[in-house]
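This report refers to the structure that appears directly beneath it.
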Amino acid sequence: MAVALDIARQNPNAPVLAAVAAVPADDPRPSLIGLTREEMAEALIGAGIAPAQARMRVSQLWHWLYHRGVTDFAEMTNVAKDLRARLAGIFTLARPEIVAEQISTDGTRKWLMRFPARGAGRPVEVETVYIPEEGRGTLCVSSQVGCTLTCTFCHTGTQTLVRNLTAEEIVAQILVARDRLGDHPGGTAPTDGAMPSEGRAVTNIVMMGMGEPLYNFDHVKAALVIASDGEGIALSRRRITLSTSGVVPMIHRAGDEIGVMLAISLHAVRDDLRDVLVPLNRKYPIAELLEACRNYPGLSNARRITFEYVMLKGVNDSPADARALVRLLNGIPAKINLIPFNPWPGSPYECSDWETIETFADIVNKAGYASPIRTPRGRDILAACGQLKSETQRMRARERLALGAMVAGTAD
Ligand code: SAH
Ligand code: SF4
């Protein structure tokens with residue numbers, strides 16, 4: 001609650017709804033959410049279900065968990081009552097606590113979720129963002145709390161890694177969003193912000209929240225397989241995008257084993273500049289990164305790689321940079337996503353002027369790349385690309401600043 005109030009103080013215009021569904025932090029029961037089919041079958045056999053029935057039960061449970069979005073075994077009407085009670089004694093389906101929900105003036109929503117430790121190290125808080133548009137709704141999902149990488153333009157990069165999220169925690173972000181958006185059967189869509197005009201509320205998922213998804217491969221894979229499975233959350237793989245800063249050795253596996261769309265955070269066309277903006281470049285330079293892209297499984301003109309390019313004033317935004325970008329991507333089925341830089345407190349860069357961005361976009365468009373300029377969304381609630389940071393870390397940073405000011409004051 002203190003955290004929710006703190007967010008409200010920071011952004012007085014953003015409505016904050018606190019503590020929507022709480023999980024007892026000390027619940028010792030494991031969750032069934034996020035398990036692969038094999039893991040769930042094993043868990044059910046461990047709970048006394050006959051091995052011959054396990055596969056059928058997994059299908060049944062997936063339908064209830066991911067299609068219907070139930071949080072209580074009692075609602076699973078095609079499962080015998082005594083089995084429901086037995087499962088409820090052993091497993092939990094509880095959602096994480098929603099510490100805060102903020103709605104931007106442009107309809108973007110941001111949730112701060114708190115996950116209990118449940119064997120994963122320690123309790124953590126994570127931000128998830130929903131961006132409604134006319135015919136679609138995109139959910140921006142986090143894969144880690146913090147990030148080990150230190151891209152100089154990214155707010156998350158200023159936060160050290162706390163830990164990887166589990167598959168349960170990644171899937172739970174999607175389930176909570178769908179609960180809140182009335183996206184499960186029988187749900188009611190909210191009326192306090194823009195929503196897609198028809199169809200599902202969450203039509204697309206982008207792994208572009210906090211963290212580097214390819215440094216948490218197994219959990220991200222398990223979660224995205226559930227998101228794309230017809231008996232799971234049932235989103236087409238073409239509507240799921242994994243964004244990486246360029247973890248070259250994992251890129252092929254991402255295509256092979258997860259099969260989702262790929263986005264590369266490129267941001268610079270020369271190694272000397274990319275070394276600074278995306279320090280991982282020192283390990284995997286541009287040429288190696290693009291070679292991995294050329295070999296991405298399933299790559300074709302119908303399944304292009306998106307190259308993300310953040311527009312930083314006077315740093316990477318000249319017409320010469322635009323032309324070099326076009327040359328660099330020659331021969332790769334690609335889209336270019338120009339992202340106006342989203343500032344955050346203390347950020348060392350400025351966003352390029354609009355005219356400069358348009359000139360840059362013209363050059364890449366004329367070279368045949370569809371290159372939409374991504375309109376900044378949710379900036380007023382710090383929900384735009386690269387602005388996410390766990391609220392606890394934000395509070396600690398503010399406390400450190402305040403403490404620093406006090407110490408400085410004493411010294412004067
Ligand atoms: N770690 C992954 C995914 C999370 S970042 C990656 O780096 O790709 C999601 C996207 O937001 C990336 O393209 C990242 O470069 C971009 N981004 C980070 N900080 C930003 C900022 N301040 N303004 C605009 N985009 C930013
Ligand atoms: Fe991590 Fe991506 Fe931010 Fe870089 S841009 S610090 S990889 S979250």
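Chains: A, B, ... in order of the structure tokens. Residues: from 1 per chain. Ligands: from 1, in order shown.
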* **Shell around stretch 107-123 of chain A at 6 Å using only C-alpha atoms, local window under 4 positions removed, as a PyMOL selection string** => chain A and resi 25+96-103+127-131+193-194+378
* Using only C-alpha atoms and all ligand atoms, find each residue with an atom at most 9 Å away from ligand 2 and format the answer as a PyMOL selection string. => chain A and resi 142+144+146-159+208-213+243-246+265+277-280+385-388
Written file, previous selection with N, CA and C atoms, as a CSV table (one decimal), in the first residue's frame:
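See again_20.csv below for the written result:
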```csv
chain,number,residue,atom,x,y,z
A,142,SER,N,7.6,-8.7,-18.6
A,142,SER,CA,9.0,-8.7,-18.1
A,142,SER,C,9.5,-10.2,-18.0
A,144,GLN,N,12.8,-10.6,-16.3
A,144,GLN,CA,13.8,-10.6,-15.2
A,144,GLN,C,13.4,-9.4,-14.3
A,146,GLY,N,15.1,-6.5,-12.9
A,146,GLY,CA,16.4,-5.8,-13.2
A,146,GLY,C,17.0,-6.4,-14.4
A,147,CYS,N,18.3,-6.2,-14.7
A,147,CYS,CA,18.9,-6.7,-15.9
A,147,CYS,C,20.4,-6.7,-15.6
A,148,THR,N,21.1,-7.7,-16.1
A,148,THR,CA,22.6,-7.8,-15.9
A,148,THR,C,23.3,-6.9,-16.9
A,149,LEU,N,22.6,-6.5,-17.9
A,149,LEU,CA,23.2,-5.7,-19.0
A,149,LEU,C,23.0,-4.2,-18.6
A,150,THR,N,23.8,-3.3,-19.2
A,150,THR,CA,23.8,-2.0,-18.7
A,150,THR,C,23.7,-1.0,-19.9
A,151,CYS,N,22.7,-1.2,-20.7
A,151,CYS,CA,22.5,-0.3,-21.9
A,151,CYS,C,22.3,1.1,-21.3
A,152,THR,N,23.1,2.1,-21.8
A,152,THR,CA,23.2,3.4,-21.2
A,152,THR,C,21.9,4.2,-21.3
A,153,PHE,N,21.0,3.8,-22.2
A,153,PHE,CA,19.8,4.7,-22.4
A,153,PHE,C,18.6,4.0,-21.7
A,154,CYS,N,18.8,2.9,-21.0
A,154,CYS,CA,17.7,2.1,-20.5
A,154,CYS,C,17.6,2.2,-18.9
A,155,HIS,N,16.4,2.6,-18.4
A,155,HIS,CA,16.2,2.7,-17.0
A,155,HIS,C,16.4,1.4,-16.3
A,156,THR,N,15.9,0.3,-16.9
A,156,THR,CA,16.1,-1.0,-16.2
A,156,THR,C,17.6,-1.3,-16.1
A,157,GLY,N,18.4,-0.9,-17.1
A,157,GLY,CA,19.8,-1.1,-17.0
A,157,GLY,C,20.5,-0.5,-15.8
A,158,THR,N,19.9,0.5,-15.2
A,158,THR,CA,20.5,1.1,-14.0
A,158,THR,C,20.3,0.3,-12.8
A,159,GLN,N,19.4,-0.7,-12.9
A,159,GLN,CA,19.1,-1.6,-11.8
A,159,GLN,C,19.8,-2.9,-11.9
A,208,MET,N,9.3,-7.3,-23.9
A,208,MET,CA,10.1,-6.0,-24.0
A,208,MET,C,9.9,-5.3,-22.6
A,209,GLY,N,9.6,-6.0,-21.6
A,209,GLY,CA,9.5,-5.4,-20.3
A,209,GLY,C,10.9,-5.4,-19.7
A,210,MET,N,11.0,-5.6,-18.4
A,210,MET,CA,12.3,-5.6,-17.7
A,210,MET,C,13.0,-6.9,-18.0
A,211,GLY,N,14.3,-6.7,-18.3
A,211,GLY,CA,15.2,-7.9,-18.4
A,211,GLY,C,15.5,-8.3,-19.8
A,212,GLU,N,16.5,-9.2,-19.9
A,212,GLU,CA,17.0,-9.8,-21.2
A,212,GLU,C,16.4,-11.2,-21.3
A,213,PRO,N,15.4,-11.4,-22.1
A,213,PRO,CA,14.8,-12.7,-22.1
A,213,PRO,C,15.7,-13.9,-22.5
A,243,SER,N,12.3,-9.8,-27.7
A,243,SER,CA,13.3,-8.7,-28.1
A,243,SER,C,14.5,-9.0,-27.3
A,244,THR,N,15.7,-9.0,-28.0
A,244,THR,CA,17.0,-9.2,-27.4
A,244,THR,C,17.9,-8.1,-27.7
A,245,SER,N,18.8,-7.9,-26.7
A,245,SER,CA,19.9,-6.9,-27.0
A,245,SER,C,21.0,-7.5,-27.8
A,246,GLY,N,20.9,-8.8,-28.1
A,246,GLY,CA,21.9,-9.5,-29.0
A,246,GLY,C,22.7,-10.6,-28.3
A,265,SER,N,17.5,-5.3,-30.6
A,265,SER,CA,17.8,-3.9,-30.1
A,265,SER,C,19.1,-3.5,-30.7
A,277,LEU,N,26.4,2.1,-26.2
A,277,LEU,CA,25.0,2.1,-26.0
A,277,LEU,C,24.5,0.7,-25.5
A,278,VAL,N,25.0,-0.3,-26.1
A,278,VAL,CA,24.6,-1.7,-25.7
A,278,VAL,C,25.9,-2.4,-25.4
A,279,PRO,N,26.4,-2.3,-24.2
A,279,PRO,CA,27.8,-2.9,-23.9
A,279,PRO,C,28.0,-4.4,-24.2
A,280,LEU,N,26.9,-5.1,-24.4
A,280,LEU,CA,27.0,-6.5,-24.8
A,280,LEU,C,27.6,-6.6,-26.1
A,385,CYS,N,8.8,2.2,-23.3
A,385,CYS,CA,10.0,1.3,-23.4
A,385,CYS,C,11.1,1.9,-22.6
A,386,GLY,N,11.7,1.0,-21.8
A,386,GLY,CA,13.0,1.4,-21.2
A,386,GLY,C,12.7,2.2,-19.9
A,387,GLN,N,11.5,2.5,-19.5
A,387,GLN,CA,11.3,3.3,-18.3
A,387,GLN,C,10.9,2.4,-17.1
A,388,LEU,N,10.8,1.1,-17.3
A,388,LEU,CA,10.4,0.2,-16.2
A,388,LEU,C,11.5,0.0,-15.2
```
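Distances here use only C-alpha atoms; by that measure, the residue among A:Asn281, A:Arg274, A:Ile264, A:Ser318 closest to A:Ala334 is A:Ile264.
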* Asked: Skipping near chain neighbours, those fewer than 3 positions away, what residues fall within 10 Å of A:Asn342 using only C-alpha atoms, listed as an MDAnalysis selection string?
  -> chainID A and resid 153:155 310:312 339 347 349:351 376:377 379 382:387
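Nearest residue to ligand 1, choosing from A:Glu169, A:Glu308, A:Glu133, A:Asp362 and counting only C-alpha atoms and all ligand atoms: A:Glu308.
Candidate residues A:Gly186, A:Gly69, A:Gly368, A:Pro345 were compared for distance to ligand 1, and the nearest is A:Pro345, using only C-alpha atoms and all ligand atoms.
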* To do: For each of A:Glu231, A:Asp321, A:Glu168, A:Asp256, take the minimum atom-to-atom distance to A:Ala268, counting only C-alpha atoms, then give the residue where this is smallest.
  => A:Asp321
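The interatomic distance for the pair atom CA of A:Tyr309 and atom CA of A:Leu338 works out to 5.0 Å.
Here the question is which of A:Ala43, A:Ala324, A:Ile205, A:Leu214 gets nearest to ligand 1 using only C-alpha atoms and all ligand atoms, and that residue is A:Leu214.
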* Members of stretch 55-214 of chain A assigned strand (DSSP E) by DSSP, as a ChimeraX atom specification -> /A:97-103,109-115,124-132,137-140,144-145,163-164,204-207
* **Contacts of stretch 48-57 of chain A within 10 Å, only C-alpha atoms, excl. fewer than 5 positions in-chain, as a ChimeraX atom specification** => /A:37-38,40-43,62-63,79,83,86-87
* Could you jot down the atom CA of A:Arg95 to atom CA of A:Ile226 separation for me, Å, one decimal place? => 16.6 Å
* To do: Name the residues in contact with A:Asn301 at a cut-off of 10 Å, using only C-alpha atoms, excluding same-chain residues fewer than 6 positions from it; report them as a list in words.
  => Ile332, Pro333, Ala334 and Lys335 of chain A
Output C-alpha atoms of each residue in that selection to a file, as a PDB file, in the first residue's frame.
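Written file, result-v1.pdb:
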```
ATOM      1  CA  ILE A 332      17.882  -9.555 -44.285  1.00  0.00           C
ATOM      2  CA  PRO A 333      14.064  -9.664 -44.315  1.00  0.00           C
ATOM      3  CA  ALA A 334      13.651  -6.837 -41.841  1.00  0.00           C
ATOM      4  CA  LYS A 335      11.417  -4.161 -40.383  1.00  0.00           C
TER       5      LYS A 335
END
```
* Considering only C-alpha atoms and all ligand atoms, state which residue in the set A:Gly187, A:Lys366, A:Val141, A:Val260 is at the smallest distance from ligand 1. => A:Val141
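Interatomic distance, atom CA of A:Ser143 against atom CA of A:Asn164: 6.7 Å.
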* **In stretch 25-175 of chain A, DSSP alpha helix (DSSP H) residues written as a ChimeraX atom specification** => /A:37-46,51-62,81-90,167-175
Print the selection's residues with C-alpha atoms to a file, as an mmCIF file, in the first residue's frame.
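Heads up, here's the output in again24.cif:
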```cif
data_model
loop_
_atom_site.group_PDB
_atom_site.id
_atom_site.type_symbol
_atom_site.label_atom_id
_atom_site.label_comp_id
_atom_site.auth_asym_id
_atom_site.auth_seq_id
_atom_site.Cartn_x
_atom_site.Cartn_y
_atom_site.Cartn_z
ATOM 1 C CA ARG A 37 2.833 -30.458 -19.997
ATOM 2 C CA GLU A 38 5.436 -32.997 -18.883
ATOM 3 C CA GLU A 39 6.063 -31.218 -15.577
ATOM 4 C CA MET A 40 2.358 -30.947 -14.888
ATOM 5 C CA ALA A 41 1.813 -34.650 -15.691
ATOM 6 C CA GLU A 42 4.580 -35.519 -13.222
ATOM 7 C CA ALA A 43 3.091 -33.227 -10.579
ATOM 8 C CA LEU A 44 -0.334 -34.832 -11.031
ATOM 9 C CA ILE A 45 1.080 -38.357 -10.858
ATOM 10 C CA GLY A 46 2.844 -37.267 -7.671
ATOM 11 C CA PRO A 51 -0.286 -42.254 -15.014
ATOM 12 C CA ALA A 52 -2.670 -43.394 -17.774
ATOM 13 C CA GLN A 53 -4.971 -40.460 -16.988
ATOM 14 C CA ALA A 54 -2.294 -37.823 -16.570
ATOM 15 C CA ARG A 55 -2.229 -36.577 -20.181
ATOM 16 C CA MET A 56 -5.971 -36.133 -20.327
ATOM 17 C CA ARG A 57 -5.973 -34.311 -16.969
ATOM 18 C CA VAL A 58 -3.221 -31.972 -18.156
ATOM 19 C CA SER A 59 -5.340 -30.990 -21.187
ATOM 20 C CA GLN A 60 -8.350 -30.457 -18.933
ATOM 21 C CA LEU A 61 -6.383 -28.338 -16.495
ATOM 22 C CA TRP A 62 -4.698 -26.262 -19.212
ATOM 23 C CA LYS A 81 -15.383 -33.131 -6.785
ATOM 24 C CA ASP A 82 -13.074 -35.267 -4.639
ATOM 25 C CA LEU A 83 -10.226 -34.827 -7.133
ATOM 26 C CA ARG A 84 -10.765 -31.048 -7.136
ATOM 27 C CA ALA A 85 -10.537 -31.020 -3.351
ATOM 28 C CA ARG A 86 -7.394 -33.177 -3.406
ATOM 29 C CA LEU A 87 -5.706 -30.907 -5.956
ATOM 30 C CA ALA A 88 -6.680 -27.798 -3.989
ATOM 31 C CA GLY A 89 -5.008 -29.271 -0.915
ATOM 32 C CA ILE A 90 -1.744 -29.754 -2.778
ATOM 33 C CA ALA A 167 7.814 -19.490 -15.925
ATOM 34 C CA GLU A 168 4.931 -19.202 -13.456
ATOM 35 C CA GLU A 169 5.681 -15.525 -12.889
ATOM 36 C CA ILE A 170 5.969 -14.778 -16.608
ATOM 37 C CA VAL A 171 2.670 -16.541 -17.412
ATOM 38 C CA ALA A 172 1.013 -14.954 -14.369
ATOM 39 C CA GLN A 173 1.666 -11.487 -15.821
ATOM 40 C CA ILE A 174 -0.440 -12.470 -18.835
ATOM 41 C CA LEU A 175 -3.183 -14.059 -16.717
#
```
